[in-house]
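Shown next, in structure tokens, is the structure this report addresses.
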Amino acid sequence: MRKLASLEDAEWVYNDRLHNDRRREILAKYPEIKSLMKPDPNLIWIVTIIILIQLASLYLVKDLEWKWVIFCAYVFGGSINHSLIIASHEISHNIPFGHRKALWNRWFGIFANLPIGIPCSISFKKYHTDHHFLGVDGVEVGVPHYLEGWFFCTAYRKLVWIAFQPLFITFRLLFINRKPISYLEIINTVAQITFDIIVYYVFGVKSLVYMLVASMLGLGLHPISGNLIGDHYMFLKEQETFSYYGPLNLLTFNVGYHNEHHDFPNIPGKDLPLVRKIAAEYYDKLPHHISWIKVLYDFVMDNTISSYSRMKKRLPKRKW
């Protein structure tokens, strides 16, 4: 593997070797795809409706028995909150308001964050930029720490690792590529804590627990969370990015169209199926997942796949 002299060099390797050549070829052959590179204002109303649905569920669960609170948190709340987290992904690419109104997207991200219960929208934006360097060691926090791969190596341990993925992601933010806290992150945190307190006083402790557990379960052992592993874990040698074309894309803003997204990150999720349709000869031939549930099963049961199964690009030490 070619060594990278700098982060800029890493960007060149990512763009040129993995996606930029294909993007240039596709745009040369199908220039009409450029017309899809525009904001999607409809996302504002879709996300707002999802938020209102989750707010209604906070009211509906407040008097349920605890076992039903947890059940609803997994089946319904987990799906809703995972959808909102994927919405944060769309918002991080400035899809709702466009690049010219970048700050508006940050405020909207804070708003979309509220039913998730944990402040993450602004931090997601900050670190997701690094994700598009795909696997640069010490830069992208989506790549597990080597201790994760060393310890979570059996089926049972990998099951535990999947269940607590949100905690491990937080761990990486703190220890792999820690960044200064921005004023927007402080606002995000204050707004979220304020909202959580309001939920507690208006609806009660069960609604608050429902909201927080929904986020934890929705990002853990949940069918939709197969995308967290299926997108970039190397289920086949030398293929770093996989798409998924199943029905769960309806709940996740087409995040399953992941090769298409990395080729054209400025195109809204709703239009990624059109990208695949226009440039079918480029995408149909690529291996892809047919089920996120199968992704989770294969990850746990296949001894050749673990959290080590991510491609890493290492930055050599600088010589001064």
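Letters A, B, ... mark the chains of the structure tokens in the order given; residue numbers begin at 1 per chain; ligand numbers begin at 1, in order shown.
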Using only C-alpha atoms, find each residue of stretch 101-159 of chain A with at least one atom at most 7 Å away from an atom of stretch 76-93 of chain A; report its shortest atom-to-atom pair and that distance in Å (one decimal), sort the rows by chain and rising residue number, and return the result as CSV.
residue,atom,partner,partner_atom,distance
A:Asn105,CA,A:Ile91,CA,6.0
A:Gly109,CA,A:Ser88,CA,6.0
A:Ala112,CA,A:Leu84,CA,6.6
A:Ile116,CA,A:Asn81,CA,5.6
A:Ser121,CA,A:Ser88,CA,6.0
A:Lys125,CA,A:Ser92,CA,4.9
Can you list, as an NGL selection string, every protein, DNA or RNA residue that comes within 7 Å of A:Asp231 when you count only C-alpha atoms, leaving out same-chain residues fewer than 3 positions away?
:A and (227-228 or 241-243 or 258)
Could you jot down the atom CA of A:Gly226 to atom CA of A:Gly269 separation for me, Å, one decimal place?
17.8 Å
DSSP on the backbone, alpha helix (DSSP H) only: what residues of stretch 59-235 of chain A does that give? Format it as a PyMOL selection string.
chain A and resi 59-60+66-72+78-92+102-113+121-131+146-151+155-163+165-175+183-203+205-218+226-230
Residue nearest A:Met216 among A:Asn188, A:Ala280, A:Leu296, A:Ile118 (counting only C-alpha atoms)
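With only C-alpha atoms as the atom set, the closest residue is A:Ile118.
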Can you list, as a PDB file with N, CA and C atoms, in the first residue's frame, every protein, DNA or RNA residue that comes within 10 Å of A:Lys126 when you count only C-alpha atoms, leaving out same-chain residues fewer than 6 positions away?
ATOM      1  N   SER A  92     -25.263  17.358   7.265  1.00  0.00           N
ATOM      2  CA  SER A  92     -23.829  17.662   7.317  1.00  0.00           C
ATOM      3  C   SER A  92     -23.273  17.982   5.935  1.00  0.00           C
ATOM      4  N   CYS A 120     -25.160  15.483  19.142  1.00  0.00           N
ATOM      5  CA  CYS A 120     -24.222  14.854  18.223  1.00  0.00           C
ATOM      6  C   CYS A 120     -24.170  15.499  16.848  1.00  0.00           C
ATOM      7  N   LYS A 179     -10.609  16.823  18.705  1.00  0.00           N
ATOM      8  CA  LYS A 179     -10.568  18.167  18.142  1.00  0.00           C
ATOM      9  C   LYS A 179     -11.105  19.177  19.150  1.00  0.00           C
ATOM     10  N   ILE A 181     -13.356  21.862  20.966  1.00  0.00           N
ATOM     11  CA  ILE A 181     -14.808  22.027  21.004  1.00  0.00           C
ATOM     12  C   ILE A 181     -15.170  23.390  20.434  1.00  0.00           C
ATOM     13  N   SER A 182     -16.118  23.410  19.512  1.00  0.00           N
ATOM     14  CA  SER A 182     -16.529  24.663  18.875  1.00  0.00           C
ATOM     15  C   SER A 182     -17.708  25.276  19.625  1.00  0.00           C
ATOM     16  N   GLU A 185     -20.877  23.401  19.016  1.00  0.00           N
ATOM     17  CA  GLU A 185     -21.029  22.182  19.815  1.00  0.00           C
ATOM     18  C   GLU A 185     -21.550  22.514  21.212  1.00  0.00           C
TER      19      GLU A 185
END
Show me, as JSON lines, the residues of stretch 177-240 of chain A having an atom within 8 Å of stretch 156-172 of chain A, each with the closest atom pair and its distance in Å, using only C-alpha atoms.
{"residue": "A:Asn177", "atom": "CA", "partner": "A:Arg172", "partner_atom": "CA", "distance": 7.0}
{"residue": "A:Met216", "atom": "CA", "partner": "A:Pro166", "partner_atom": "CA", "distance": 6.7}
{"residue": "A:Leu217", "atom": "CA", "partner": "A:Ala163", "partner_atom": "CA", "distance": 7.3}
{"residue": "A:Leu219", "atom": "CA", "partner": "A:Pro166", "partner_atom": "CA", "distance": 6.5}
{"residue": "A:Gly220", "atom": "CA", "partner": "A:Ala163", "partner_atom": "CA", "distance": 4.1}
{"residue": "A:Leu221", "atom": "CA", "partner": "A:Ala163", "partner_atom": "CA", "distance": 5.0}
Hey, can you spit out that residue selection with N, CA, C and O atoms as a PDB file, in the first residue's frame?
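Output (result_16.pdb):
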ATOM      1  N   ASN A 177      -8.809  11.041  17.380  1.00  0.00           N
ATOM      2  CA  ASN A 177      -8.636  12.304  16.657  1.00  0.00           C
ATOM      3  C   ASN A 177      -9.426  13.396  17.363  1.00  0.00           C
ATOM      4  O   ASN A 177     -10.386  13.946  16.835  1.00  0.00           O
ATOM      5  N   MET A 216     -29.709   4.432  21.618  1.00  0.00           N
ATOM      6  CA  MET A 216     -28.704   3.403  21.890  1.00  0.00           C
ATOM      7  C   MET A 216     -29.030   2.114  21.140  1.00  0.00           C
ATOM      8  O   MET A 216     -28.156   1.519  20.488  1.00  0.00           O
ATOM      9  N   LEU A 217     -30.276   1.674  21.204  1.00  0.00           N
ATOM     10  CA  LEU A 217     -30.664   0.426  20.546  1.00  0.00           C
ATOM     11  C   LEU A 217     -30.696   0.592  19.030  1.00  0.00           C
ATOM     12  O   LEU A 217     -30.356  -0.332  18.290  1.00  0.00           O
ATOM     13  N   LEU A 219     -28.806   2.272  17.186  1.00  0.00           N
ATOM     14  CA  LEU A 219     -27.450   2.266  16.621  1.00  0.00           C
ATOM     15  C   LEU A 219     -26.695   0.992  16.979  1.00  0.00           C
ATOM     16  O   LEU A 219     -25.525   0.851  16.635  1.00  0.00           O
ATOM     17  N   GLY A 220     -27.364   0.080  17.677  1.00  0.00           N
ATOM     18  CA  GLY A 220     -26.702  -1.150  18.118  1.00  0.00           C
ATOM     19  C   GLY A 220     -27.221  -2.366  17.377  1.00  0.00           C
ATOM     20  O   GLY A 220     -27.133  -2.459  16.161  1.00  0.00           O
ATOM     21  N   LEU A 221     -27.789  -3.305  18.125  1.00  0.00           N
ATOM     22  CA  LEU A 221     -28.328  -4.535  17.528  1.00  0.00           C
ATOM     23  C   LEU A 221     -29.702  -4.256  16.929  1.00  0.00           C
ATOM     24  O   LEU A 221     -30.737  -4.664  17.465  1.00  0.00           O
TER      25      LEU A 221
END
Give me the residues within 8 Å of A:Asp263 as an NGL selection string, counting only C-alpha atoms and dropping any in the same chain fewer than 4 places off.
:A and (19-20 or 22-23 or 259)
Write to file, as a PDB file, in the first residue's frame, the residues of the selection just made, with all heavy atoms.
ATOM      1  N   HIS A  19     -12.604   7.003  -6.115  1.00  0.00           N
ATOM      2  CA  HIS A  19     -13.863   7.555  -6.616  1.00  0.00           C
ATOM      3  C   HIS A  19     -13.708   8.619  -7.697  1.00  0.00           C
ATOM      4  O   HIS A  19     -14.611   8.783  -8.516  1.00  0.00           O
ATOM      5  CB  HIS A  19     -14.681   8.139  -5.457  1.00  0.00           C
ATOM      6  CG  HIS A  19     -15.199   7.087  -4.513  1.00  0.00           C
ATOM      7  ND1 HIS A  19     -16.350   6.378  -4.754  1.00  0.00           N
ATOM      8  CD2 HIS A  19     -14.704   6.606  -3.352  1.00  0.00           C
ATOM      9  CE1 HIS A  19     -16.555   5.506  -3.774  1.00  0.00           C
ATOM     10  NE2 HIS A  19     -15.564   5.633  -2.916  1.00  0.00           N
ATOM     11  N   ASN A  20     -12.615   9.351  -7.707  1.00  0.00           N
ATOM     12  CA  ASN A  20     -12.548  10.486  -8.618  1.00  0.00           C
ATOM     13  C   ASN A  20     -12.505  10.068 -10.082  1.00  0.00           C
ATOM     14  O   ASN A  20     -13.117  10.707 -10.936  1.00  0.00           O
ATOM     15  CB  ASN A  20     -11.331  11.352  -8.278  1.00  0.00           C
ATOM     16  CG  ASN A  20     -11.593  12.813  -8.588  1.00  0.00           C
ATOM     17  OD1 ASN A  20     -12.701  13.302  -8.414  1.00  0.00           O
ATOM     18  ND2 ASN A  20     -10.587  13.502  -9.074  1.00  0.00           N
ATOM     19  N   ARG A  22     -13.825   7.389 -11.405  1.00  0.00           N
ATOM     20  CA  ARG A  22     -15.170   6.971 -11.793  1.00  0.00           C
ATOM     21  C   ARG A  22     -16.098   8.173 -11.925  1.00  0.00           C
ATOM     22  O   ARG A  22     -16.907   8.249 -12.857  1.00  0.00           O
ATOM     23  CB  ARG A  22     -15.723   5.969 -10.779  1.00  0.00           C
ATOM     24  CG  ARG A  22     -17.096   5.424 -11.160  1.00  0.00           C
ATOM     25  CD  ARG A  22     -17.451   4.213 -10.335  1.00  0.00           C
ATOM     26  NE  ARG A  22     -17.561   4.524  -8.922  1.00  0.00           N
ATOM     27  CZ  ARG A  22     -17.338   3.638  -7.948  1.00  0.00           C
ATOM     28  NH1 ARG A  22     -16.978   2.404  -8.236  1.00  0.00           N
ATOM     29  NH2 ARG A  22     -17.476   3.991  -6.676  1.00  0.00           N
ATOM     30  N   ARG A  23     -15.965   9.126 -10.999  1.00  0.00           N
ATOM     31  CA  ARG A  23     -16.799  10.323 -11.074  1.00  0.00           C
ATOM     32  C   ARG A  23     -16.542  11.087 -12.372  1.00  0.00           C
ATOM     33  O   ARG A  23     -17.484  11.523 -13.050  1.00  0.00           O
ATOM     34  CB  ARG A  23     -16.525  11.216  -9.866  1.00  0.00           C
ATOM     35  CG  ARG A  23     -17.288  12.527  -9.878  1.00  0.00           C
ATOM     36  CD  ARG A  23     -17.291  13.204  -8.519  1.00  0.00           C
ATOM     37  NE  ARG A  23     -15.958  13.431  -8.017  1.00  0.00           N
ATOM     38  CZ  ARG A  23     -15.465  12.859  -6.920  1.00  0.00           C
ATOM     39  NH1 ARG A  23     -16.198  11.991  -6.231  1.00  0.00           N
ATOM     40  NH2 ARG A  23     -14.246  13.131  -6.503  1.00  0.00           N
ATOM     41  N   ASN A 259     -21.778   3.783  -2.617  1.00  0.00           N
ATOM     42  CA  ASN A 259     -20.812   4.085  -3.675  1.00  0.00           C
ATOM     43  C   ASN A 259     -21.234   5.334  -4.434  1.00  0.00           C
ATOM     44  O   ASN A 259     -20.393   6.202  -4.742  1.00  0.00           O
ATOM     45  CB  ASN A 259     -20.684   2.899  -4.638  1.00  0.00           C
ATOM     46  CG  ASN A 259     -19.636   1.905  -4.193  1.00  0.00           C
ATOM     47  OD1 ASN A 259     -18.455   2.226  -4.103  1.00  0.00           O
ATOM     48  ND2 ASN A 259     -20.067   0.679  -3.904  1.00  0.00           N
TER      49      ASN A 259
END
Using only C-alpha atoms, I'd like a table of the residues in stretch 226-308 of chain A that come within 10 Å of stretch 28-40 of chain A; for each, show the closest atom pair and its distance in Å rounded to one decimal, ordered by chain and ascending number, as a tab-separated table.
residue	atom	partner	partner_atom	distance
A:Phe264	CA	A:Met37	CA	8.0
A:Pro265	CA	A:Met37	CA	8.7
A:Asn266	CA	A:Met37	CA	5.5
A:Ile267	CA	A:Met37	CA	4.6
A:Pro268	CA	A:Asp40	CA	6.4
A:Gly269	CA	A:Asp40	CA	9.0
A:Lys270	CA	A:Asp40	CA	8.4
A:Asp271	CA	A:Leu36	CA	6.9
A:Leu272	CA	A:Leu36	CA	8.9
A:Leu274	CA	A:Ile33	CA	8.8
A:Val275	CA	A:Ile33	CA	6.9
A:Ile278	CA	A:Tyr30	CA	7.5
A:Ala279	CA	A:Tyr30	CA	7.5
Save out the residues we just selected, C-alpha atoms, as a PDB file, in the first residue's frame.
ATOM      1  CA  PHE A 264     -21.250  12.395  -5.644  1.00  0.00           C
ATOM      2  CA  PRO A 265     -21.499  13.615  -2.023  1.00  0.00           C
ATOM      3  CA  ASN A 266     -23.280  16.824  -3.096  1.00  0.00           C
ATOM      4  CA  ILE A 267     -26.258  14.979  -4.560  1.00  0.00           C
ATOM      5  CA  PRO A 268     -29.217  14.535  -2.149  1.00  0.00           C
ATOM      6  CA  GLY A 269     -30.011  11.008  -1.050  1.00  0.00           C
ATOM      7  CA  LYS A 270     -33.362  11.082  -2.836  1.00  0.00           C
ATOM      8  CA  ASP A 271     -31.565  11.381  -6.185  1.00  0.00           C
ATOM      9  CA  LEU A 272     -28.902   8.697  -5.674  1.00  0.00           C
ATOM     10  CA  LEU A 274     -31.327   8.151 -10.299  1.00  0.00           C
ATOM     11  CA  VAL A 275     -27.525   8.326 -10.401  1.00  0.00           C
ATOM     12  CA  ILE A 278     -28.284   6.781 -15.350  1.00  0.00           C
ATOM     13  CA  ALA A 279     -24.832   5.236 -14.872  1.00  0.00           C
TER      14      ALA A 279
END
Any idea what the distance is between atom CA of A:Asn254 and atom CA of A:Pro115?
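Atom CA of A:Pro115 lies at a distance of 21.0 Å from atom CA of A:Asn254.
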Extract, using only C-alpha atoms, all DNA, RNA and protein residues at most 9 Å from A:Ile70, discarding same-chain residues fewer than 2 positions from it, and format them as a list of chain:residue names.
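Skipping anything fewer than 2 positions along the chain leaves A:Glu65, A:Trp66, A:Lys67, A:Trp68, A:Cys72, A:Ala73, A:Tyr74, A:Val75, A:Val209, A:Tyr210, A:Val213, A:Ala214.
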